[in-house]
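Below is the file target-v4.tsv, which contains TSV, C-alpha atoms.
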chain	number	residue	atom	x	y	z
A	1	MET	CA	0.00	0.00	0.00
A	2	HIS	CA	3.05	2.27	-0.42
A	3	ILE	CA	1.75	5.22	-2.46
A	4	PRO	CA	4.25	6.23	-5.20
A	5	ASP	CA	4.96	9.81	-6.28
A	6	GLY	CA	2.37	11.14	-8.70
A	7	PHE	CA	-0.68	9.47	-7.17
A	8	LEU	CA	-1.41	12.28	-4.73
A	9	ASP	CA	-2.13	15.93	-5.37
A	10	ALA	CA	-0.17	18.60	-3.46
A	11	LYS	CA	-3.36	19.61	-1.63
A	12	VAL	CA	-3.35	16.11	-0.15
A	13	TRP	CA	0.34	15.25	0.32
A	14	VAL	CA	1.30	18.58	1.91
A	15	PRO	CA	-1.27	18.33	4.75
A	16	ALA	CA	-0.38	14.63	5.11
A	17	TRP	CA	3.28	15.63	5.62
A	18	VAL	CA	2.19	18.15	8.28
A	19	VAL	CA	0.25	15.45	10.16
A	20	ALA	CA	3.15	12.99	9.78
A	21	ALA	CA	5.64	15.58	11.08
A	22	ALA	CA	3.41	16.32	14.06
A	23	GLY	CA	3.23	12.57	14.76
A	24	ILE	CA	7.01	12.26	14.56
A	25	GLY	CA	7.41	15.22	16.94
A	26	VAL	CA	4.93	14.00	19.55
A	27	CYS	CA	6.05	10.37	19.42
A	28	SER	CA	9.77	11.27	19.61
A	29	ARG	CA	9.10	13.32	22.74
A	30	LYS	CA	7.01	10.60	24.37
A	31	THR	CA	9.43	7.86	23.36
A	32	SER	CA	12.42	9.75	24.74
A	33	ARG	CA	10.62	10.07	28.08
A	34	ALA	CA	9.57	6.45	28.34
A	35	LEU	CA	12.40	4.64	26.59
A	36	GLY	CA	14.81	2.76	28.83
A	37	ASP	CA	18.23	1.64	27.60
A	38	ARG	CA	16.96	-1.96	27.74
A	39	LYS	CA	14.35	-1.17	25.09
A	40	ILE	CA	16.76	0.21	22.47
A	41	PRO	CA	17.91	-3.16	21.04
A	42	VAL	CA	14.29	-4.39	21.08
A	43	MET	CA	13.30	-1.40	18.93
A	44	GLY	CA	16.15	-2.06	16.51
A	45	VAL	CA	15.39	-5.74	16.05
A	46	THR	CA	11.62	-5.11	15.75
A	47	ALA	CA	12.31	-2.60	12.97
A	48	ALA	CA	14.69	-5.00	11.18
A	49	PHE	CA	12.14	-7.83	11.44
A	50	ILE	CA	9.24	-5.73	10.15
A	51	PHE	CA	11.33	-4.49	7.21
A	52	ALA	CA	12.17	-8.12	6.33
A	53	ALA	CA	8.56	-9.26	6.76
A	54	GLN	CA	7.31	-6.48	4.47
A	55	MET	CA	9.39	-7.97	1.64
A	56	LEU	CA	7.46	-11.23	1.80
A	57	ASN	CA	4.46	-10.77	-0.49
A	58	PHE	CA	1.91	-13.57	-0.34
A	59	PRO	CA	-0.71	-14.14	-3.05
A	60	VAL	CA	-4.32	-13.27	-2.24
A	61	ALA	CA	-7.44	-13.76	-4.34
A	62	GLY	CA	-7.65	-12.36	-7.87
A	63	GLY	CA	-4.02	-12.05	-8.97
A	64	THR	CA	-3.10	-9.66	-6.18
A	65	SER	CA	-0.52	-9.98	-3.43
A	66	GLY	CA	-0.21	-8.53	0.04
A	67	HIS	CA	2.45	-8.35	2.70
A	68	LEU	CA	2.63	-7.82	6.42
A	69	LEU	CA	2.59	-4.18	7.55
A	70	GLY	CA	3.61	-4.95	11.12
A	71	GLY	CA	1.92	-1.97	12.79
A	72	ALA	CA	0.07	-4.10	15.33
A	73	ILE	CA	3.22	-6.12	16.09
A	74	ALA	CA	5.18	-2.91	16.69
A	75	ALA	CA	2.42	-1.48	18.89
A	76	THR	CA	2.08	-4.68	20.93
A	77	LEU	CA	5.82	-4.92	21.56
A	78	LEU	CA	6.77	-1.29	21.98
A	79	GLY	CA	3.60	0.68	22.67
A	80	PRO	CA	1.93	3.31	20.45
A	81	CYS	CA	4.79	5.83	20.25
A	82	ALA	CA	7.96	3.76	19.95
A	83	GLY	CA	5.95	1.51	17.61
A	84	PHE	CA	5.15	4.51	15.43
A	85	ILE	CA	8.85	5.50	15.30
A	86	VAL	CA	9.83	1.97	14.25
A	87	ILE	CA	7.32	1.79	11.37
A	88	THR	CA	8.29	5.33	10.30
A	89	VAL	CA	11.98	4.36	10.08
A	90	VAL	CA	11.03	1.32	7.97
A	91	LEU	CA	8.98	3.55	5.62
A	92	ILE	CA	11.79	6.12	5.30
A	93	VAL	CA	14.39	3.47	4.36
A	94	GLN	CA	11.96	1.82	1.91
A	95	CYS	CA	11.36	5.20	0.27
A	96	LEU	CA	14.96	6.46	0.15
A	97	VAL	CA	16.87	3.26	-0.56
A	98	PHE	CA	14.37	1.05	-2.34
A	99	GLN	CA	11.98	3.51	-4.00
A	100	ASP	CA	9.07	1.70	-2.35
A	101	GLY	CA	6.67	4.59	-1.80
A	102	GLY	CA	7.31	8.11	-3.09
A	103	LEU	CA	9.08	11.05	-1.48
A	104	THR	CA	6.17	13.50	-1.73
A	105	THR	CA	3.81	10.74	-0.63
A	106	LEU	CA	6.01	9.57	2.27
A	107	GLY	CA	4.00	11.77	4.64
A	108	ALA	CA	0.76	10.10	3.56
A	109	ASN	CA	2.35	6.66	3.86
A	110	ILE	CA	3.51	7.53	7.40
A	111	VAL	CA	-0.02	8.71	8.27
A	112	ASN	CA	-1.66	5.56	6.83
A	113	MET	CA	0.69	2.82	7.93
A	114	ALA	CA	2.48	4.25	10.99
A	115	LEU	CA	0.00	6.66	12.58
A	116	ILE	CA	-3.27	4.89	11.75
A	117	GLY	CA	-1.70	1.43	11.45
A	118	THR	CA	0.10	1.54	14.80
A	119	THR	CA	-0.81	4.38	17.17
A	120	CYS	CA	-4.54	4.46	16.39
A	121	VAL	CA	-5.06	0.71	16.82
A	122	TYR	CA	-3.11	0.51	20.10
A	123	PRO	CA	-6.25	1.10	22.26
A	124	ILE	CA	-7.71	-2.13	20.82
A	125	ILE	CA	-4.72	-4.10	22.17
A	126	ARG	CA	-4.81	-2.28	25.51
A	127	LEU	CA	-8.58	-2.75	25.94
A	128	SER	CA	-8.53	-6.42	24.98
A	129	SER	CA	-5.63	-7.23	27.30
A	130	SER	CA	-7.29	-5.45	30.22
A	131	VAL	CA	-10.70	-7.10	29.65
A	132	MET	CA	-9.07	-10.51	29.18
A	133	PRO	CA	-5.87	-10.31	31.19
A	134	LYS	CA	-4.67	-13.77	30.18
A	135	ARG	CA	-2.46	-14.48	27.20
A	136	GLY	CA	-5.50	-14.98	24.96
A	137	GLY	CA	-6.64	-11.40	25.49
A	138	VAL	CA	-3.35	-9.99	24.26
A	139	VAL	CA	-3.27	-12.34	21.26
A	140	PHE	CA	-6.90	-11.57	20.38
A	141	GLY	CA	-6.37	-7.82	20.78
A	142	ALA	CA	-3.20	-7.86	18.67
A	143	SER	CA	-4.89	-9.91	15.90
A	144	LEU	CA	-7.98	-7.70	15.84
A	145	ALA	CA	-5.78	-4.58	15.84
A	146	ALA	CA	-3.78	-6.10	12.98
A	147	TRP	CA	-6.87	-6.58	10.81
A	148	VAL	CA	-8.26	-3.13	11.68
A	149	SER	CA	-4.86	-1.50	11.01
A	150	VAL	CA	-4.67	-2.84	7.45
A	151	VAL	CA	-8.31	-2.08	6.60
A	152	ALA	CA	-8.22	1.42	8.15
A	153	ALA	CA	-4.93	2.23	6.40
A	154	SER	CA	-6.41	1.11	3.06
A	155	PHE	CA	-9.49	3.27	3.63
A	156	PHE	CA	-7.38	6.36	4.32
A	157	CYS	CA	-5.23	5.54	1.29
A	158	ALA	CA	-8.42	5.39	-0.83
A	159	LEU	CA	-9.61	8.68	0.66
A	160	GLU	CA	-6.31	10.38	-0.22
A	161	LEU	CA	-6.48	9.01	-3.79
A	162	ALA	CA	-10.06	10.19	-4.17
A	163	LEU	CA	-9.25	13.67	-2.83
A	164	SER	CA	-6.42	13.81	-5.38
A	165	GLY	CA	-8.91	13.13	-8.16
A	166	MET	CA	-7.50	9.71	-9.14
A	167	ALA	CA	-10.86	7.95	-8.87
A	168	PRO	CA	-14.27	8.58	-7.29
A	169	ILE	CA	-14.40	7.61	-3.61
A	170	THR	CA	-17.45	5.39	-4.26
A	171	ILE	CA	-15.27	3.18	-6.48
A	172	VAL	CA	-11.79	3.36	-4.97
A	173	ALA	CA	-12.82	2.96	-1.31
A	174	PRO	CA	-14.78	-0.31	-1.73
A	175	ALA	CA	-12.01	-1.65	-3.99
A	176	MET	CA	-9.19	-0.82	-1.54
A	177	VAL	CA	-11.10	-1.89	1.57
A	178	GLY	CA	-12.29	-5.08	-0.18
A	179	VAL	CA	-8.82	-6.29	-1.14
A	180	HIS	CA	-7.27	-5.26	2.15
A	181	SER	CA	-9.90	-6.92	4.32
A	182	VAL	CA	-8.56	-10.16	2.81
A	183	ILE	CA	-4.88	-9.13	3.20
A	184	GLY	CA	-5.78	-8.07	6.76
A	185	VAL	CA	-6.71	-11.67	7.62
A	186	GLY	CA	-3.12	-12.66	6.76
A	187	GLU	CA	-1.86	-9.80	8.93
A	188	ALA	CA	-4.11	-10.90	11.82
A	189	VAL	CA	-3.03	-14.56	11.61
A	190	VAL	CA	0.70	-13.77	11.46
A	191	THR	CA	0.40	-11.16	14.23
A	192	GLY	CA	-1.58	-13.57	16.44
A	193	PHE	CA	0.91	-16.41	16.03
A	194	PHE	CA	3.88	-14.11	16.50
A	195	VAL	CA	2.55	-12.40	19.64
A	196	GLY	CA	1.40	-15.77	21.03
A	197	PHE	CA	4.86	-17.22	20.42
A	198	LEU	CA	6.56	-14.27	22.12
A	199	LEU	CA	4.19	-14.43	25.11
A	200	ARG	CA	5.06	-18.08	25.59
A	201	THR	CA	8.80	-17.68	25.13
A	202	ARG	CA	9.70	-14.06	25.96
A	203	PRO	CA	6.76	-12.41	27.79
A	204	ASP	CA	9.12	-9.66	28.97
A	205	LEU	CA	9.26	-8.35	25.39
A	206	VAL	CA	5.49	-7.87	25.06
A	207	LEU	CA	3.70	-4.69	26.24
A	208	GLY	CA	6.79	-3.72	28.19
A	209	GLY	CA	6.55	-6.94	30.21
A	210	ALA	CA	3.26	-5.76	31.70
A	211	THR	CA	1.28	-8.89	30.81
A	212	SER	CA	0.19	-11.33	33.49
A	213	GLY	CA	2.62	-14.05	34.43
A	214	SER	CA	5.49	-12.24	32.81
A	215	HIS	CA	8.92	-12.13	34.29
A	216	THR	CA	12.20	-10.68	33.24
A	217	SER	CA	15.28	-12.77	33.07
B	1	MET	CA	18.05	-17.81	26.95
B	2	SER	CA	19.14	-14.29	27.77
B	3	THR	CA	17.31	-11.36	26.20
B	4	ARG	CA	20.47	-10.51	24.30
B	5	LYS	CA	20.67	-13.97	22.77
B	6	ALA	CA	16.95	-14.02	21.92
B	7	LEU	CA	17.26	-10.67	20.15
B	8	LEU	CA	20.35	-11.88	18.28
B	9	TRP	CA	18.40	-14.91	17.03
B	10	TRP	CA	15.50	-12.71	16.03
B	11	PHE	CA	17.87	-10.48	14.08
B	12	ILE	CA	19.40	-13.50	12.30
B	13	VAL	CA	15.89	-14.72	11.38
B	14	SER	CA	15.12	-11.25	9.96
B	15	LEU	CA	18.28	-11.35	7.85
B	16	GLY	CA	17.32	-14.81	6.62
B	17	LEU	CA	13.80	-13.69	5.66
B	18	ALA	CA	15.04	-10.61	3.80
B	19	GLY	CA	18.01	-12.27	2.15
B	20	PHE	CA	16.94	-15.80	1.37
B	21	VAL	CA	13.14	-16.08	1.61
B	22	SER	CA	12.19	-12.81	-0.12
B	23	PRO	CA	13.38	-13.95	-3.60
B	24	TYR	CA	10.56	-16.52	-3.42
B	25	ALA	CA	7.89	-13.95	-2.44
B	26	SER	CA	4.89	-13.41	-4.71
B	27	GLN	CA	5.61	-11.10	-7.66
B	28	LEU	CA	1.91	-10.26	-8.17
B	29	PRO	CA	0.92	-6.57	-7.93
B	30	ASP	CA	-0.08	-5.47	-4.42
B	31	GLY	CA	-3.58	-4.22	-3.59
B	32	LEU	CA	-2.87	-0.58	-4.44
B	33	GLU	CA	-1.01	-1.37	-7.71
B	34	ARG	CA	-3.79	-3.69	-8.79
B	35	ILE	CA	-6.47	-1.08	-8.16
B	36	ALA	CA	-4.39	1.65	-9.83
B	37	ARG	CA	-4.23	-0.56	-12.96
B	38	ASP	CA	-7.91	-1.52	-12.84
B	39	LEU	CA	-9.05	2.08	-12.35
B	40	GLY	CA	-6.57	3.40	-14.91
B	41	PHE	CA	-4.35	5.72	-12.91
B	42	MET	CA	-1.17	3.58	-12.81
B	43	HIS	CA	0.42	5.78	-15.50
B	44	ARG	CA	0.36	8.72	-13.07
B	45	GLU	CA	3.21	7.15	-11.10
B	46	ASN	CA	6.47	9.06	-11.34
B	47	THR	CA	9.62	9.41	-9.32
B	48	PHE	CA	11.26	12.47	-7.87
B	49	LEU	CA	14.14	10.53	-6.45
B	50	ARG	CA	16.34	7.86	-8.00
B	51	SER	CA	17.07	5.26	-5.37
B	52	PRO	CA	20.15	3.03	-5.38
B	53	ALA	CA	17.98	-0.09	-5.44
B	54	PRO	CA	14.47	0.54	-6.81
B	55	ALA	CA	11.99	-2.24	-6.00
B	56	TYR	CA	14.61	-4.13	-3.99
B	57	SER	CA	16.89	-4.93	-6.92
B	58	TRP	CA	20.12	-3.36	-8.12
B	59	GLN	CA	19.03	-3.64	-11.74
B	60	GLY	CA	20.26	-0.73	-13.81
B	61	SER	CA	22.20	0.88	-10.98
B	62	ILE	CA	25.95	0.98	-10.48
B	63	LEU	CA	25.58	-1.93	-8.09
B	64	GLU	CA	24.04	-4.23	-10.72
B	65	LYS	CA	26.68	-6.93	-10.28
B	66	LEU	CA	25.69	-7.54	-6.65
B	67	PRO	CA	23.48	-10.53	-5.87
B	68	ALA	CA	19.79	-9.72	-5.45
B	69	SER	CA	19.55	-11.12	-1.93
B	70	LEU	CA	22.09	-8.53	-0.80
B	71	ALA	CA	19.48	-5.77	-1.21
B	72	GLY	CA	17.34	-7.31	1.51
B	73	LEU	CA	20.31	-7.95	3.81
B	74	ILE	CA	21.58	-4.39	3.42
B	75	GLY	CA	18.05	-3.04	3.97
B	76	VAL	CA	17.72	-4.96	7.25
B	77	ALA	CA	21.11	-3.68	8.40
B	78	ILE	CA	20.27	-0.05	7.51
B	79	VAL	CA	16.86	-0.20	9.25
B	80	PHE	CA	18.44	-1.77	12.35
B	81	ALA	CA	21.27	0.78	12.51
B	82	MET	CA	18.97	3.76	11.91
B	83	THR	CA	16.51	2.67	14.60
B	84	ILE	CA	19.25	2.08	17.19
B	85	LEU	CA	20.85	5.42	16.36
B	86	LEU	CA	17.53	7.25	16.62
B	87	ALA	CA	16.63	5.53	19.90
B	88	LYS	CA	20.06	6.44	21.33
B	89	ILE	CA	19.62	10.07	20.28
B	90	LEU	CA	16.17	10.15	21.90
B	91	THR	CA	17.38	8.67	25.20
B	92	ALA	CA	20.47	10.93	25.22
B	93	ALA	CA	18.23	13.97	24.74
B	94	GLN	CA	16.20	12.76	27.70
B	95	SER	CA	19.14	12.27	30.07
B	96	ARG	CA	20.39	15.79	29.24
B	97	TYR	CA	16.91	17.06	30.03
B	98	ARG	CA	16.94	15.23	33.36
B	99	LYS	CA	20.37	16.56	34.30
B	100	ARG	CA	19.18	20.11	33.85
B	101	GLY	CA	16.59	19.29	36.51
B	102	ASN	CA	13.58	19.95	34.36
B	103	LEU	CA	11.72	16.85	35.42
What would you get if you wrote out this structure as structure tokens?
Amino acid sequence: MHIPDGFLDAKVWVPAWVVAAAGIGVCSRKTSRALGDRKIPVMGVTAAFIFAAQMLNFPVAGGTSGHLLGGAIAATLLGPCAGFIVITVVLIVQCLVFQDGGLTTLGANIVNMALIGTTCVYPIIRLSSSVMPKRGGVVFGASLAAWVSVVAASFFCALELALSGMAPITIVAPAMVGVHSVIGVGEAVVTGFFVGFLLRTRPDLVLGGATSGSHTS
Amino acid sequence: MSTRKALLWWFIVSLGLAGFVSPYASQLPDGLERIARDLGFMHRENTFLRSPAPAYSWQGSILEKLPASLAGLIGVAIVFAMTILLAKILTAAQSRYRKRGNL
């Protein structure tokens, strides 16, 4: 869902950059307050893993492929702000080094996949893990957040395309949301398995070690 | 297993995915590309920036001779290094802030 240069009009990508920059500012501040030295390597490896996972396109129905976005994984492991920073770094490297996503549209891609795809779905994870404090609650919350993150990001992407005059919203929104509600199932399954695996093996790495039965070693 | 060792393993797995699994990933267009083609606005794509490795391959760049899997490996290394650097800058800014007694 990385929007290339040329797909968005300046009246869309300029405000998107402003929102993205505000997100980077707020999240940097919050992360610098909350981040302990112990968390730094976790952030680095999470970013490396999500970059790698985003290269793995899997086929979905109708000659289309999708890949993991990783927003829900980042949010579950690092929280809404450090998670946002991690996905933003991934998007910046993809744009600058691999031309995956445009430079003018990088702001919109940060809004869609980092801000909406990570920070905005974090409450789902938090709520689910507080209603169901056992491992299942975290896994369910992360999976649901994963699906919502992909579908919501695709809706905002469609909205930006429509506002740029690429296609009418009544056509592009159902098309984008339709395809991505299938891709989102892949995201939810991978996220669920991954978070479940981490909770069993390294619970200290999930939600800052705040989950029940967790212990640091 | 110590946290350090677990993270090291996780990093090695990431390198493996990017370097050796990604060449087998689906080459089909992604959701956005597919819709851009179907709705006829794919031709609007342009580029304001020439990257060293567009679409994760060195094709056509000065690095063409390098094996394709290297793109993924280098990408993982860059993302890792950039995130660590950024996180260190953020925590350093915070400890300076604390020392000034502003908290």
Tell me, as number ranges by chain, which residues lie within 9 Å of region 140-143 of chain A, counting only C-alpha atoms; anything in the same chain fewer than 2 positions away does not count. A: 72-73, 75-76, 121-122, 124-129, 135-138, 145-148, 185, 187-193, 195
Between CA of Ala53 (chain A) and CA of Leu15 (chain B) - distance in Å to one decimal: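 Going from CA of Leu15 (chain B) over to CA of Ala53 (chain A) covers 10.0 Å.
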Could you pull the residues within 8 Å of Leu115 (chain A), counting only C-alpha atoms, minus those fewer than 6 positions along the same chain, as a ChimeraX atom specification? /A:20,23,84
With distances taken over all atoms listed in the file, which residue among A:Met176, A:Ala108, A:Val131, A:Ala16 lies nearest chain B?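 The shortest atom-to-atom distance to chain B comes from A:Met176.
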Expected answer as number ranges by chain: chain B residues within 7 Å of chain A, only C-alpha atoms: B: 2, 7, 10-11, 14, 17-18, 22, 25-26, 28-32, 34-35, 41, 44-48, 51-56, 76, 79-80, 83-84, 87, 90-91, 94
To one decimal place, how far is CA of Leu73 (chain B) from CA of Ala6 (chain B) in Å? 19.4 Å
What separation in Å, quoted to one decimal, exists between CA of Gly16 (chain B) and CA of Ala74 (chain A)? 19.8 Å
